[in-house]
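Step one of this worksheet: look at the structure below.
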Amino acid sequence: MVSQANNAFRFATLSEQGIEWTLKRNCSVTPAQLGYLYVSLCILSMGVAGFFWLQGATLVLPFAVLELMAVGAAFLVYARHATDSERISLLERYLVVERETAGTLLRCEFAREWVRVEPRQDVGQLIEVRGGGQSVQVGRFVRSDLRPVLAREIRQALRGV
């Protein structure tokens with residue numbers, strides 16, 4: 001029974017509690033790996049800059065520091081959003097949407113019988129989940145051509161198919 005239901009869903013995973021969709025950013029480097037990379041880049045760059053500073057090229061060191069600050073700022077922006085995700089859980093009576101963006105968690109609960117899942121008609125638009133006077137948009141981490149498939153899958157799960 002579980003394997004038949006599992007074949008019906010492309011994006012969802014089944015558990016004892018219900019059905020869950022976990023949508024994440026496709027990141028090739030974790031924030032920890034990025035930190036190690038940045039430290040090694042600082043050591044290498046400061047070593048080269050220190051060598052040239054000792055040789056009399058005094059402007060190399062300030063430019064190396066400026067460069068490392070700019071790269072560090074870019075890495076920080078990347079790392080803040082590397083763990084962004086959306087989790088949609090269909091429990092017995094509720095559809096729970098949790099969206100994490102830059103460390104901030106937004107959680108919305110919808111009564112299962114009153115929730116509406118609608119893919120926006122515009123091409124490339126997000127999926128809107130509405131019910132009980134609140135709404136949230138999901139699907140940021142799914143290709144735009146697959147968003148209608150995800151919306152249909154969530155609607156089927158809500159109907160109990």
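Labels for the structure tokens follow display order: chains A, B, ..., residues from 1 in each chain, ligands from 1.
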**Request:** Name all residues at most 10 Å from Gly18 in chain A (count only C-alpha atoms; drop same-chain ones fewer than 4 positions away) and give them as a ChimeraX atom specification.
**Result:** /A:13-14,89-92,95,157
**Message:** Please list as an MDAnalysis selection string every residue within 10 Å of range 46-53 of chain A, counting only C-alpha atoms and excluding residues in the same chain fewer than 3 positions away.
**Reply:** chainID A and resid 40:43 56:65 68
Kindly save the residues from that selection, with C-alpha atoms included, as a compact mmCIF listing (two decimals), in the first residue's frame.
```txt
# COMPACT_ATOMS: atom_id res chain seq x y z
CA SER A 40 42.38 28.99 3.09
CA LEU A 41 41.93 31.79 0.54
CA CYS A 42 42.79 34.36 3.23
CA ILE A 43 45.93 32.48 4.28
CA GLY A 56 58.78 46.81 -1.21
CA ALA A 57 55.44 46.69 -3.01
CA THR A 58 53.51 48.28 -0.12
CA LEU A 59 50.20 48.73 -1.97
CA VAL A 60 49.70 44.98 -2.53
CA LEU A 61 48.72 44.32 1.10
CA PRO A 62 45.89 46.92 1.33
CA PHE A 63 44.46 45.75 -1.99
CA ALA A 64 44.61 42.12 -0.83
CA VAL A 65 42.72 43.05 2.35
CA LEU A 68 39.30 39.53 0.83
```
**Request:** Write out as JSON, numbers by chain all residues of chain A that DSSP puts in strand (DSSP E) for this structure's backbone.
**Result:** {"A": [12, 13, 14, 19, 20, 21, 22, 23, 24, 85, 86, 87, 88, 89, 90, 94, 95, 96, 97, 98, 99, 100, 101, 104, 105, 106, 107, 108, 109, 110, 111, 116, 117, 118, 119, 127, 128, 129, 130, 131, 134, 135, 136, 137, 138]}
**Who sits within 9 Å of Arg140 in chain A, only C-alpha atoms, same chain under 4 positions skipped, as a ChimeraX atom specification** = /A:23-25,85-86,125-127,144,147
**Prompt:** Mind pulling up the distance from CA of Phe110 in chain A to CA of Tyr94 in chain A?
**Reply:** 5.5 Å
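Take the candidates A:Gly35, A:Val142, A:Ser15, A:Pro148 and check each one against Ala73 in chain A using only C-alpha atoms; the shortest distance goes to A:Gly35.
Proximity to Glu109 in chain A was assessed for A:Glu128, A:Val29, A:Ile88, A:Val39 counting only C-alpha atoms; the smallest distance is recorded for A:Ile88.
The coordinates place CA of Val71 in chain A at 8.2 Å from CA of Tyr38 in chain A.
Comparing A:Gln33, A:Leu150, A:Leu158, A:His81 by their smallest distance to Ala111 in chain A, the closest is A:Leu158 (using only C-alpha atoms).
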